[in-house]
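Asker: Following this line is structure32.cif, made up of mmCIF, C-alpha atoms:
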```
data_final
#
loop_
_atom_site.label_atom_id
_atom_site.label_comp_id
_atom_site.auth_asym_id
_atom_site.auth_seq_id
_atom_site.Cartn_x
_atom_site.Cartn_y
_atom_site.Cartn_z
CA MET A 1 -17.05 5.60 -2.27
CA SER A 2 -19.43 5.59 -5.25
CA ILE A 3 -19.36 2.96 -7.99
CA GLY A 4 -17.69 5.43 -10.36
CA GLU A 5 -14.99 6.29 -7.85
CA TYR A 6 -14.46 2.57 -7.19
CA PHE A 7 -13.89 1.81 -10.88
CA ASP A 8 -11.55 4.80 -11.13
CA PHE A 9 -9.57 3.45 -8.17
CA VAL A 10 -9.32 -0.06 -9.63
CA LEU A 11 -8.26 1.33 -13.02
CA THR A 12 -5.63 3.64 -11.52
CA ARG A 13 -4.17 0.82 -9.42
CA THR A 14 -4.13 -1.57 -12.37
CA GLU A 15 -2.33 1.03 -14.45
CA ALA A 16 0.13 1.51 -11.57
CA MET A 17 0.75 -2.27 -11.54
CA TYR A 18 1.63 -2.14 -15.24
CA ASN A 19 3.93 0.89 -14.79
CA ILE A 20 5.76 -0.56 -11.77
CA VAL A 21 6.56 -3.80 -13.60
CA GLN A 22 7.50 -2.01 -16.81
CA ASN A 23 9.90 0.37 -15.02
CA GLU A 24 11.18 -1.71 -12.11
CA GLY A 25 13.93 -3.40 -14.11
CA HIS A 26 12.85 -6.99 -13.32
CA GLY A 27 11.86 -7.78 -16.88
CA SER A 28 9.41 -5.86 -19.04
CA PHE A 29 5.66 -6.37 -18.70
CA ALA A 30 5.79 -8.76 -21.68
CA ILE A 31 8.61 -10.88 -20.19
CA VAL A 32 6.88 -11.21 -16.81
CA PHE A 33 3.60 -12.07 -18.52
CA ILE A 34 5.30 -14.75 -20.64
CA ILE A 35 7.06 -16.18 -17.55
CA GLY A 36 3.55 -16.49 -16.09
CA ILE A 37 2.18 -18.21 -19.21
CA ILE A 38 5.00 -20.79 -19.18
CA PHE A 39 4.67 -21.29 -15.39
CA GLY A 40 0.92 -21.92 -15.73
CA GLY A 41 1.51 -24.07 -18.81
CA ILE A 42 4.02 -26.37 -17.09
CA ILE A 43 1.76 -26.76 -14.03
CA GLN A 44 -1.28 -27.55 -16.18
CA TYR A 45 0.56 -29.86 -18.59
CA THR A 46 2.01 -31.97 -15.75
CA ARG A 47 -1.45 -31.91 -14.06
CA VAL A 48 0.07 -31.06 -10.67
CA ASP A 49 -2.73 -28.51 -10.20
CA LYS A 50 -5.15 -31.37 -9.59
CA PHE A 51 -6.72 -31.95 -6.17
CA GLU A 52 -5.70 -35.61 -6.42
CA LYS A 53 -2.04 -34.59 -6.73
CA ILE A 54 -1.73 -32.25 -3.71
CA ALA A 55 -4.35 -33.72 -1.35
CA GLY A 56 -3.25 -37.12 -2.67
CA PHE A 57 0.30 -36.38 -1.53
CA ALA A 58 -1.03 -35.33 1.89
CA MET A 59 -2.67 -38.78 2.07
CA LEU A 60 0.61 -40.32 0.80
CA LYS A 61 -1.16 -41.79 -2.22
CA ASP A 62 0.52 -39.63 -4.90
CA THR A 63 4.17 -38.63 -5.11
CA THR A 64 4.21 -36.69 -8.40
CA ILE A 65 4.52 -33.33 -6.58
CA PRO A 66 7.55 -34.12 -4.36
CA LYS A 67 9.31 -35.91 -7.24
CA MET A 68 8.87 -32.97 -9.60
CA LEU A 69 9.56 -30.37 -6.88
CA PHE A 70 12.78 -31.97 -5.62
CA LEU A 71 14.06 -32.54 -9.16
CA ALA A 72 13.39 -28.90 -10.11
CA ILE A 73 15.07 -27.61 -6.92
CA GLY A 74 18.06 -29.94 -7.34
CA ILE A 75 18.77 -28.89 -10.92
CA THR A 76 18.10 -25.20 -10.24
CA SER A 77 20.36 -25.06 -7.16
CA ILE A 78 23.36 -26.29 -9.17
CA GLY A 79 22.49 -24.27 -12.29
CA LEU A 80 21.88 -21.11 -10.29
CA PHE A 81 25.24 -21.42 -8.55
CA PHE A 82 27.01 -21.43 -11.93
CA GLU A 83 24.75 -18.68 -13.24
CA ILE A 84 25.78 -16.49 -10.30
CA LYS A 85 29.48 -17.39 -10.68
CA MET A 86 29.30 -16.28 -14.33
CA GLY A 87 27.76 -12.99 -13.22
CA TYR A 88 24.30 -13.48 -14.72
CA ALA A 89 22.29 -13.67 -11.50
CA ALA A 90 22.31 -13.00 -7.74
CA TYR A 91 20.88 -14.66 -4.65
CA HIS A 92 17.70 -13.16 -3.16
CA ILE A 93 17.42 -14.96 0.18
CA LYS A 94 14.28 -14.66 2.31
CA PRO A 95 14.90 -13.76 5.98
CA MET A 96 14.62 -16.30 8.81
CA ILE A 97 11.65 -14.86 10.67
CA LEU A 98 11.33 -17.89 12.88
CA SER A 99 7.83 -17.74 14.40
CA GLY A 100 6.42 -16.44 11.11
CA LEU A 101 7.94 -19.39 9.27
CA ILE A 102 6.66 -21.94 11.80
CA VAL A 103 3.15 -20.56 12.42
CA GLY A 104 2.81 -19.69 8.73
CA GLY A 105 4.13 -23.09 7.65
CA ILE A 106 1.64 -24.95 9.88
CA LEU A 107 -1.32 -22.89 8.61
CA PHE A 108 -0.08 -23.26 5.04
CA GLY A 109 0.36 -27.04 5.26
CA ILE A 110 -3.09 -27.62 6.78
CA SER A 111 -4.81 -25.35 4.24
CA MET A 112 -2.91 -26.85 1.32
CA ALA A 113 -4.02 -30.38 2.27
CA ILE A 114 -7.67 -29.30 2.57
CA LEU A 115 -7.90 -27.02 -0.49
CA GLY A 116 -5.63 -29.29 -2.52
CA LYS A 117 -3.97 -26.22 -4.06
CA CYS A 118 -1.29 -23.67 -3.29
CA PRO A 119 -1.12 -20.03 -4.45
CA GLY A 120 0.70 -21.03 -7.65
CA THR A 121 -1.43 -24.00 -8.70
CA GLY A 122 -4.75 -22.41 -7.63
CA PRO A 123 -5.08 -19.92 -10.51
CA VAL A 124 -4.19 -22.65 -13.01
CA SER A 125 -7.02 -24.81 -11.63
CA ILE A 126 -9.42 -21.88 -11.90
CA ALA A 127 -8.31 -21.45 -15.53
CA GLU A 128 -9.44 -25.03 -16.25
CA GLY A 129 -12.88 -24.38 -14.78
CA ARG A 130 -12.73 -25.50 -11.13
CA ILE A 131 -15.42 -23.57 -9.27
CA ASP A 132 -14.47 -24.85 -5.80
CA VAL A 133 -10.97 -23.41 -6.27
CA LEU A 134 -12.46 -20.08 -7.31
CA VAL A 135 -14.32 -20.06 -3.98
CA GLY A 136 -11.00 -20.87 -2.29
CA ALA A 137 -9.38 -17.94 -4.10
CA ILE A 138 -12.13 -15.61 -2.89
CA GLY A 139 -11.34 -16.86 0.62
CA GLY A 140 -7.71 -16.07 -0.14
CA ILE A 141 -8.55 -12.51 -1.20
CA PHE A 142 -10.32 -12.06 2.17
CA GLY A 143 -7.25 -13.55 3.85
CA GLY A 144 -5.06 -11.04 2.03
CA TYR A 145 -7.42 -8.24 3.10
CA VAL A 146 -7.33 -9.26 6.76
CA PHE A 147 -3.54 -9.68 6.67
CA THR A 148 -3.04 -6.23 5.14
CA LYS A 149 -5.53 -4.57 7.50
CA TYR A 150 -4.11 -6.05 10.71
CA TYR A 151 -0.47 -6.31 9.60
CA ASP A 152 0.88 -3.70 12.05
CA THR A 153 -1.20 -4.76 15.04
CA ILE A 154 -1.38 -8.57 14.82
CA PHE A 155 0.68 -10.19 12.10
CA LYS A 156 3.98 -8.33 12.17
CA PRO A 157 4.40 -8.81 15.96
CA LEU A 158 3.46 -12.49 15.48
CA MET A 159 6.25 -13.00 12.95
CA GLY A 160 8.90 -12.39 15.60
CA THR A 161 12.64 -11.88 15.38
CA ASN A 162 14.49 -11.75 12.08
CA PHE A 163 17.55 -14.00 12.27
CA GLY A 164 18.98 -12.74 9.00
CA LYS A 165 19.24 -14.03 5.46
CA GLU A 166 21.51 -17.04 5.68
CA SER A 167 21.92 -19.94 3.28
CA LEU A 168 24.02 -23.04 2.87
CA ALA A 169 25.97 -21.38 0.04
CA ASN A 170 26.58 -18.40 2.36
CA VAL A 171 27.82 -20.13 5.49
CA SER A 172 29.99 -22.72 3.74
CA GLY A 173 32.30 -19.98 2.40
CA ALA A 174 35.13 -21.40 0.30
CA PHE A 175 33.52 -24.85 0.30
CA ALA A 176 30.28 -23.47 -1.18
CA PRO A 177 30.72 -25.15 -4.61
CA TYR A 178 31.02 -28.60 -2.98
CA PHE A 179 28.14 -28.04 -0.56
CA VAL A 180 25.83 -26.74 -3.28
CA LEU A 181 26.78 -29.61 -5.58
CA ILE A 182 26.14 -32.19 -2.84
CA PHE A 183 22.84 -30.48 -1.94
CA GLY A 184 21.70 -30.43 -5.58
CA VAL A 185 22.74 -33.98 -6.40
CA ALA A 186 21.18 -35.28 -3.15
CA LEU A 187 17.83 -33.66 -4.06
CA ILE A 188 17.95 -35.08 -7.60
CA VAL A 189 18.69 -38.56 -6.20
CA ILE A 190 15.85 -38.21 -3.66
CA ALA A 191 13.49 -37.13 -6.47
CA ILE A 192 14.36 -40.23 -8.47
CA LYS A 193 14.33 -42.57 -5.45
CA ILE A 194 10.92 -41.55 -4.09
CA PRO A 195 8.62 -44.38 -5.24
CA HIS A 196 6.28 -43.19 -7.96
CA MET A 197 2.68 -43.42 -6.79
CA GLU A 198 -0.27 -41.83 -8.51
CA LEU A 199 -3.86 -41.17 -7.56
CA LEU A 200 -5.82 -40.79 -10.77
CA ASP A 201 -9.45 -40.09 -11.47
CA GLU A 202 -11.22 -41.75 -14.38
CA ALA A 203 -12.35 -38.41 -15.82
CA ASP A 204 -8.79 -37.47 -16.70
CA LEU A 205 -7.64 -40.92 -17.71
CA SER A 206 -10.43 -41.30 -20.23
CA LEU A 207 -8.95 -38.35 -22.15
CA LEU A 208 -5.68 -40.15 -22.75
CA ASP A 209 -4.75 -42.50 -25.58
CA ALA A 210 -4.18 -46.13 -24.64
CA ASP A 211 -0.37 -45.86 -24.72
CA GLU A 212 -0.44 -42.70 -22.61
CA ARG A 213 -2.43 -44.22 -19.80
CA PRO A 214 -0.14 -44.62 -16.79
CA ASP A 215 -2.38 -47.38 -15.41
CA ALA A 216 -1.23 -49.53 -18.33
CA ASN A 217 2.31 -49.35 -16.98
CA SER A 218 2.49 -52.00 -14.28
CA SER A 219 5.84 -50.86 -12.81
CA GLU A 220 4.20 -47.86 -11.12
CA GLU A 221 1.88 -47.85 -8.17
CA ILE A 222 -1.44 -46.52 -9.37
CA GLU A 223 -4.65 -46.00 -7.45
CA LEU A 224 -7.75 -45.37 -9.53
CA ILE A 225 -10.75 -43.54 -8.12
CA LYS A 226 -14.15 -43.01 -9.71
CA MET B 83 0.51 -34.32 -29.09
CA ARG B 84 0.88 -35.97 -25.70
CA ARG B 85 -1.73 -34.80 -23.22
CA ARG B 86 0.31 -35.38 -20.14
CA LEU B 87 3.85 -34.38 -19.22
CA SER B 88 5.91 -36.69 -17.00
CA TRP B 89 7.10 -35.46 -13.60
CA TRP B 90 10.76 -35.41 -14.69
CA MET B 91 10.01 -33.45 -17.85
CA GLY B 92 7.98 -30.99 -15.76
CA GLY B 93 10.82 -30.73 -13.23
CA ILE B 94 13.42 -30.00 -15.92
CA LEU B 95 11.22 -27.41 -17.64
CA MET B 96 10.40 -25.77 -14.29
CA SER B 97 14.10 -25.48 -13.41
CA LEU B 98 14.85 -23.90 -16.82
CA LEU B 99 12.08 -21.37 -16.19
CA LEU B 100 13.47 -20.64 -12.70
CA LEU B 101 17.00 -20.18 -14.06
CA TYR B 102 15.65 -17.82 -16.73
CA THR B 103 13.64 -15.85 -14.15
CA PHE B 104 16.71 -15.50 -11.90
CA ALA B 105 18.98 -14.44 -14.78
CA SER B 106 19.78 -10.78 -15.39
CA PHE B 107 18.67 -11.21 -19.02
CA GLY B 108 15.35 -12.60 -17.72
CA ALA B 109 13.75 -10.94 -14.71
CA GLY B 110 16.73 -10.86 -12.32
CA ARG B 111 14.64 -12.04 -9.37
CA PRO B 112 13.18 -15.22 -7.86
CA LEU B 113 9.80 -16.56 -8.93
CA GLY B 114 7.05 -16.28 -6.33
CA ALA B 115 3.30 -16.65 -6.25
CA SER B 116 1.53 -15.48 -3.10
CA THR B 117 2.27 -11.75 -2.75
CA TYR B 118 -0.17 -11.08 -5.57
CA VAL B 119 -3.11 -12.07 -3.34
CA PRO B 120 -2.89 -9.21 -0.77
CA TYR B 121 -1.92 -6.96 -3.72
CA TYR B 122 -5.15 -7.80 -5.53
CA ALA B 123 -7.08 -7.63 -2.23
CA GLY B 124 -5.78 -4.06 -1.89
CA ILE B 125 -7.13 -3.22 -5.34
CA LEU B 126 -10.50 -5.01 -4.99
CA PHE B 127 -11.22 -3.70 -1.48
CA ALA B 128 -10.16 -0.19 -2.58
CA MET B 129 -7.51 0.04 0.15
CA ASN B 130 -5.45 3.19 -0.15
CA PRO B 131 -1.74 2.20 -0.08
CA GLU B 132 -0.96 5.36 1.91
CA HIS B 133 -2.82 3.97 4.92
CA TYR B 134 -1.42 0.44 4.95
CA THR B 135 2.24 -0.33 5.66
CA TYR B 136 1.90 -3.77 4.16
CA LEU B 137 0.70 -2.45 0.80
CA GLN B 138 3.72 -0.15 0.73
CA GLU B 139 6.05 -3.07 1.50
CA ILE B 140 4.66 -5.25 -1.28
CA GLU B 141 4.14 -2.51 -3.87
CA LYS B 142 6.84 -3.83 -6.20
CA PRO B 143 6.82 -7.62 -5.62
CA GLY B 144 3.01 -7.53 -5.56
CA ALA B 145 2.82 -5.82 -8.95
CA TRP B 146 5.38 -8.24 -10.44
CA GLU B 147 3.48 -11.28 -9.21
CA GLY B 148 0.18 -9.65 -10.16
CA VAL B 149 1.30 -9.61 -13.79
CA MET B 150 2.80 -13.09 -13.57
CA LEU B 151 -0.50 -14.41 -12.18
CA LEU B 152 -2.40 -13.01 -15.17
CA GLY B 153 0.07 -14.83 -17.39
CA SER B 154 -0.35 -18.12 -15.51
CA LEU B 155 -4.15 -17.86 -15.82
CA VAL B 156 -3.74 -17.47 -19.60
CA GLY B 157 -1.11 -20.24 -19.73
CA GLY B 158 -3.29 -22.64 -17.72
CA PHE B 159 -6.31 -21.83 -19.88
CA ILE B 160 -4.47 -22.37 -23.18
CA THR B 161 -2.96 -25.68 -22.03
CA SER B 162 -6.22 -27.00 -20.60
CA VAL B 163 -8.21 -26.14 -23.73
CA PHE B 164 -5.74 -27.08 -26.46
CA ILE B 165 -3.28 -29.61 -25.03
CA THR B 166 -4.57 -31.55 -22.01
CA LYS B 167 -8.24 -30.97 -23.08
CA SER B 168 -9.13 -31.00 -19.39
CA PHE B 169 -11.11 -27.74 -19.39
CA ARG B 170 -14.57 -28.25 -17.95
CA PHE B 171 -16.57 -26.52 -15.25
CA SER B 172 -16.59 -28.62 -12.10
CA ILE B 173 -17.32 -27.98 -8.48
CA MET B 174 -16.30 -31.19 -6.73
CA PRO B 175 -12.94 -32.94 -7.08
CA THR B 176 -13.29 -36.72 -7.45
CA GLY B 177 -10.80 -37.24 -4.62
CA TRP B 178 -12.91 -35.16 -2.22
CA LYS B 179 -16.00 -37.23 -3.04
CA VAL B 180 -14.14 -40.49 -2.42
CA TYR B 181 -12.10 -39.56 0.65
CA LYS B 182 -14.19 -36.84 2.36
CA ASN B 183 -17.87 -36.52 1.51
CA SER B 184 -20.20 -35.81 -1.39
CA SER B 185 -21.65 -32.54 -0.09
CA VAL B 186 -21.02 -29.56 -2.37
CA ILE B 187 -21.71 -27.14 0.50
CA SER B 188 -19.08 -28.86 2.64
CA ARG B 189 -16.49 -28.65 -0.17
CA LEU B 190 -17.20 -24.95 -0.80
CA ILE B 191 -17.08 -23.95 2.89
CA TRP B 192 -13.82 -25.84 3.42
CA SER B 193 -12.42 -24.32 0.20
CA PHE B 194 -13.18 -20.82 1.39
CA VAL B 195 -11.75 -21.35 4.88
CA ALA B 196 -8.65 -23.15 3.59
CA GLY B 197 -8.09 -20.45 0.95
CA PHE B 198 -8.32 -17.81 3.68
CA PHE B 199 -5.72 -19.45 5.96
CA LEU B 200 -3.53 -20.53 3.02
CA ILE B 201 -2.82 -16.88 2.28
CA ILE B 202 -2.47 -15.83 5.94
CA GLY B 203 0.06 -18.67 6.36
CA ALA B 204 1.98 -17.85 3.19
CA ARG B 205 2.24 -14.18 4.09
CA LEU B 206 3.31 -14.91 7.68
CA ALA B 207 6.11 -17.10 6.34
CA GLY B 208 6.99 -14.65 3.58
CA GLY B 209 6.44 -17.09 0.75
CA CYS B 210 4.65 -20.17 -0.55
CA THR B 211 5.36 -23.30 -2.57
CA SER B 212 6.85 -21.20 -5.37
CA GLY B 213 8.72 -18.57 -3.38
CA HIS B 214 10.04 -20.83 -0.61
CA PHE B 215 10.20 -24.34 -2.14
CA LEU B 216 11.10 -23.66 -5.78
CA SER B 217 13.01 -20.38 -5.54
CA GLY B 218 14.09 -20.40 -1.89
CA MET B 219 15.42 -23.93 -1.59
CA SER B 220 17.19 -23.57 -4.96
CA GLN B 221 19.15 -20.76 -3.28
CA THR B 222 19.85 -23.16 -0.37
CA ALA B 223 18.15 -20.64 1.96
CA PHE B 224 17.74 -21.81 5.57
CA SER B 225 14.45 -19.92 5.92
CA SER B 226 13.01 -21.97 3.04
CA MET B 227 14.28 -25.27 4.47
CA ILE B 228 12.56 -24.50 7.80
CA PHE B 229 9.34 -23.59 5.98
CA GLY B 230 9.61 -26.69 3.78
CA GLY B 231 10.01 -29.01 6.77
CA VAL B 232 7.11 -27.48 8.72
CA VAL B 233 4.78 -27.54 5.70
CA LEU B 234 5.66 -31.15 4.87
CA VAL B 235 4.85 -32.32 8.40
CA SER B 236 1.60 -30.35 8.80
CA LEU B 237 0.48 -31.34 5.26
CA ILE B 238 0.88 -35.06 5.95
CA ILE B 239 -0.65 -34.92 9.46
CA THR B 240 -3.66 -33.08 8.01
CA GLY B 241 -3.92 -35.64 5.20
CA LYS B 242 -4.02 -38.43 7.80
CA LEU B 243 -6.56 -36.76 10.09
CA PHE B 244 -8.82 -34.90 7.64
CA TYR B 245 -9.43 -37.54 4.97
CA LYS B 246 -10.75 -41.04 5.58
CA SER B 247 -8.27 -42.60 3.21
CA GLY B 248 -7.53 -45.76 5.15
CA ASP B 249 -10.91 -47.41 5.64
CA SER B 250 -13.16 -46.24 2.78
CA LYS B 251 -13.06 -47.15 -0.92
#
```
Could you show the structure in this file as structure tokens?
Answerer:
Amino acid sequence: MSIGEYFDFVLTRTEAMYNIVQNEGHGSFAIVFIIGIIFGGIIQYTRVDKFEKIAGFAMLKDTTIPKMLFLAIGITSIGLFFEIKMGYAAYHIKPMILSGLIVGGILFGISMAILGKCPGTGPVSIAEGRIDVLVGAIGGIFGGYVFTKYYDTIFKPLMGTNFGKESLANVSGAFAPYFVLIFGVALIVIAIKIPHMELLDEADLSLLDADERPDANSSEEIELIK
Amino acid sequence: MRRRLSWWMGGILMSLLLLYTFASFGAGRPLGASTYVPYYAGILFAMNPEHYTYLQEIEKPGAWEGVMLLGSLVGGFITSVFITKSFRFSIMPTGWKVYKNSSVISRLIWSFVAGFFLIIGARLAGGCTSGHFLSGMSQTAFSSMIFGGVVLVSLIITGKLFYKSGDSK
């Protein structure tokens, strides 16, 4: 493939990406793009894209991520249940492909602790100038290439049996409202109860005003690194 | 303007965004963020979708997340330049220097390898932190709870074994 043909291919595929999103019925191109902007904005504004937040959680020195994650899941699970009841949304459950979930989960957890990013927070870190994450993303593109190339021969067989798309809301039948409510409230309580620990680096703290600095608040467990 | 959002504010905003994404007047689907990687790999490596089953399977979710990713790059850039003022080119996270080592080469090699397996893992499991944790567990999906448990355990074991967080500092 010549350079010209390569650029033609990339352009055609990019155009196809735009057309698929525009015509698929899951929000227009503009809506999806804005969802992305807000998603990136929230991640950046809460600083959970930082290495110290994800790797720090792996070292059990920072609990911002689980607190925020569990709170978001708790609220959404209850809200989504009502949203569906009112006819504004539907469940889209992922299948229980057991060995895929376990092998994939182990690989994902190890890599997330080492890179200090996940696929959602990675791009946001790149957007704030982190070169090491860009190198990680290039590794990810190669990972995506290998997965796509050997999907039929290696990865699909490795994923194993599909045990169906089940959920708590599904199996609890008539009791679903109570189970979902208990699930949601329990997660919100866990989010609040997890002790708040933070691992902060001086470079970020120095940007904050005196009253914004969390290390000035003695009720939280703060570890400063330089 | 405050330069830092608290975890609970972030959690509430994130759940509003999820509820909007799920809603029929929003996107009518869950929010995910790892299918875009093989989708972009297919474009960059000039892989013809006709020859790869996986590219055919992810044609629609990949495109959706591909667009969302472009948005999150823009969103992260705007916030880091104008609100948190944290935009700066850097190659070594402070935490890596303190708890691992100060070699740039070591950080870059580990970044590349971890990035590689991060995506293989996410695609094997059919989702990542966004698709399984945020969207999946909000739907009380069992698949996402299994994934969540496995990731939590392997994340913390790796944190214990990989970083020298106990003795140094």
Asker: I would like the residues chosen by the PyMOL selection byres ((chain A and resi 7-13) around 10) on the shown file; could you give them as number ranges by chain?
Answerer: A: 1-6, 14-19; B: 121-122, 124-131, 145
Asker: Name the closest residue to A:Leu60 among the candidates A:Ala113, A:Met159, A:Ile97, A:Leu168; distances are taken between atoms, counting only C-alpha atoms.
Answerer: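 Closest residue, counting only C-alpha atoms: A:Ala113.
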Asker: For B:Lys142, which residue out of B:Trp89, B:Tyr118, B:Phe104, B:Phe229 is the nearest one, using only C-alpha atoms?
Answerer: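 Ranked by minimum distance to B:Lys142, first place goes to B:Tyr118.
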Asker: Counting all atoms listed in the file, which residues sit no farther than 6 Å from the position (2.2, -46.6, -9.3) in the file's frame? I'd like them as a list in words.
Answerer: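 Residues satisfying the cut-off, written out: His196, Met197, Glu198, Glu220, Glu221 and Ile222 of chain A.
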Asker: Carefully work through the PyMOL selection byres ((chain A and resi 181) around 12) for this structure and note down the residues it includes, as a PyMOL selection string.
Answerer: (chain A and resi 73-82+168-169+175-180+182-188) or (chain B and resi 220-222)
Asker: At what distance in Å, to one decimal, does atom CA of A:Val133 lie from atom CA of B:Phe194?
Answerer: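 Atom-to-atom, atom CA of B:Phe194 and atom CA of A:Val133 are spaced 8.4 Å apart.
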Asker: Rank A:Ala191, A:Ser111, A:Glu202, A:Ser28 by their smallest atom-to-atom distance to chain B, using only C-alpha atoms, and report the top residue only.
Answerer: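 Of all the options, A:Ser111 lies closest to chain B.
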Asker: Distance atom CA of B:Ser247-atom CA of B:Val195, one decimal place?
Answerer: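 Rounded to one decimal, the two atoms are 21.6 Å apart.
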Asker: Counting only C-alpha atoms, which of B:Leu237, B:Lys167, B:Ser184, B:Phe215 gets nearest to chain A?
Answerer: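 For chain A, the nearest of the candidates is B:Leu237.
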Asker: Please identify all polymer residues within 8 Å of A:Ile37, counting all atoms listed in the file, omitting same-chain residues fewer than 6 positions from it, and present them as a VMD selection string.
Answerer: chain B and resid 150 153 to 158
Asker: Output C-alpha atoms of each residue in that selection to a file, as a JSON list (two decimals), in the frame of the given file.
Answerer:
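Now in out16.json:
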```json
[["chain", "number", "residue", "atom", "x", "y", "z"],
["B", 150, "MET", "CA", 2.80, -13.09, -13.57],
["B", 153, "GLY", "CA", 0.07, -14.83, -17.39],
["B", 154, "SER", "CA", -0.35, -18.12, -15.51],
["B", 155, "LEU", "CA", -4.15, -17.86, -15.82],
["B", 156, "VAL", "CA", -3.74, -17.47, -19.60],
["B", 157, "GLY", "CA", -1.11, -20.24, -19.73],
["B", 158, "GLY", "CA", -3.29, -22.64, -17.72]]
```
Asker: Return the single residue from B:Ser225, B:Leu113, B:Ile140, B:Trp146 that is closest to A:Gln22, with distances computed using only C-alpha atoms.
Answerer: B:Trp146
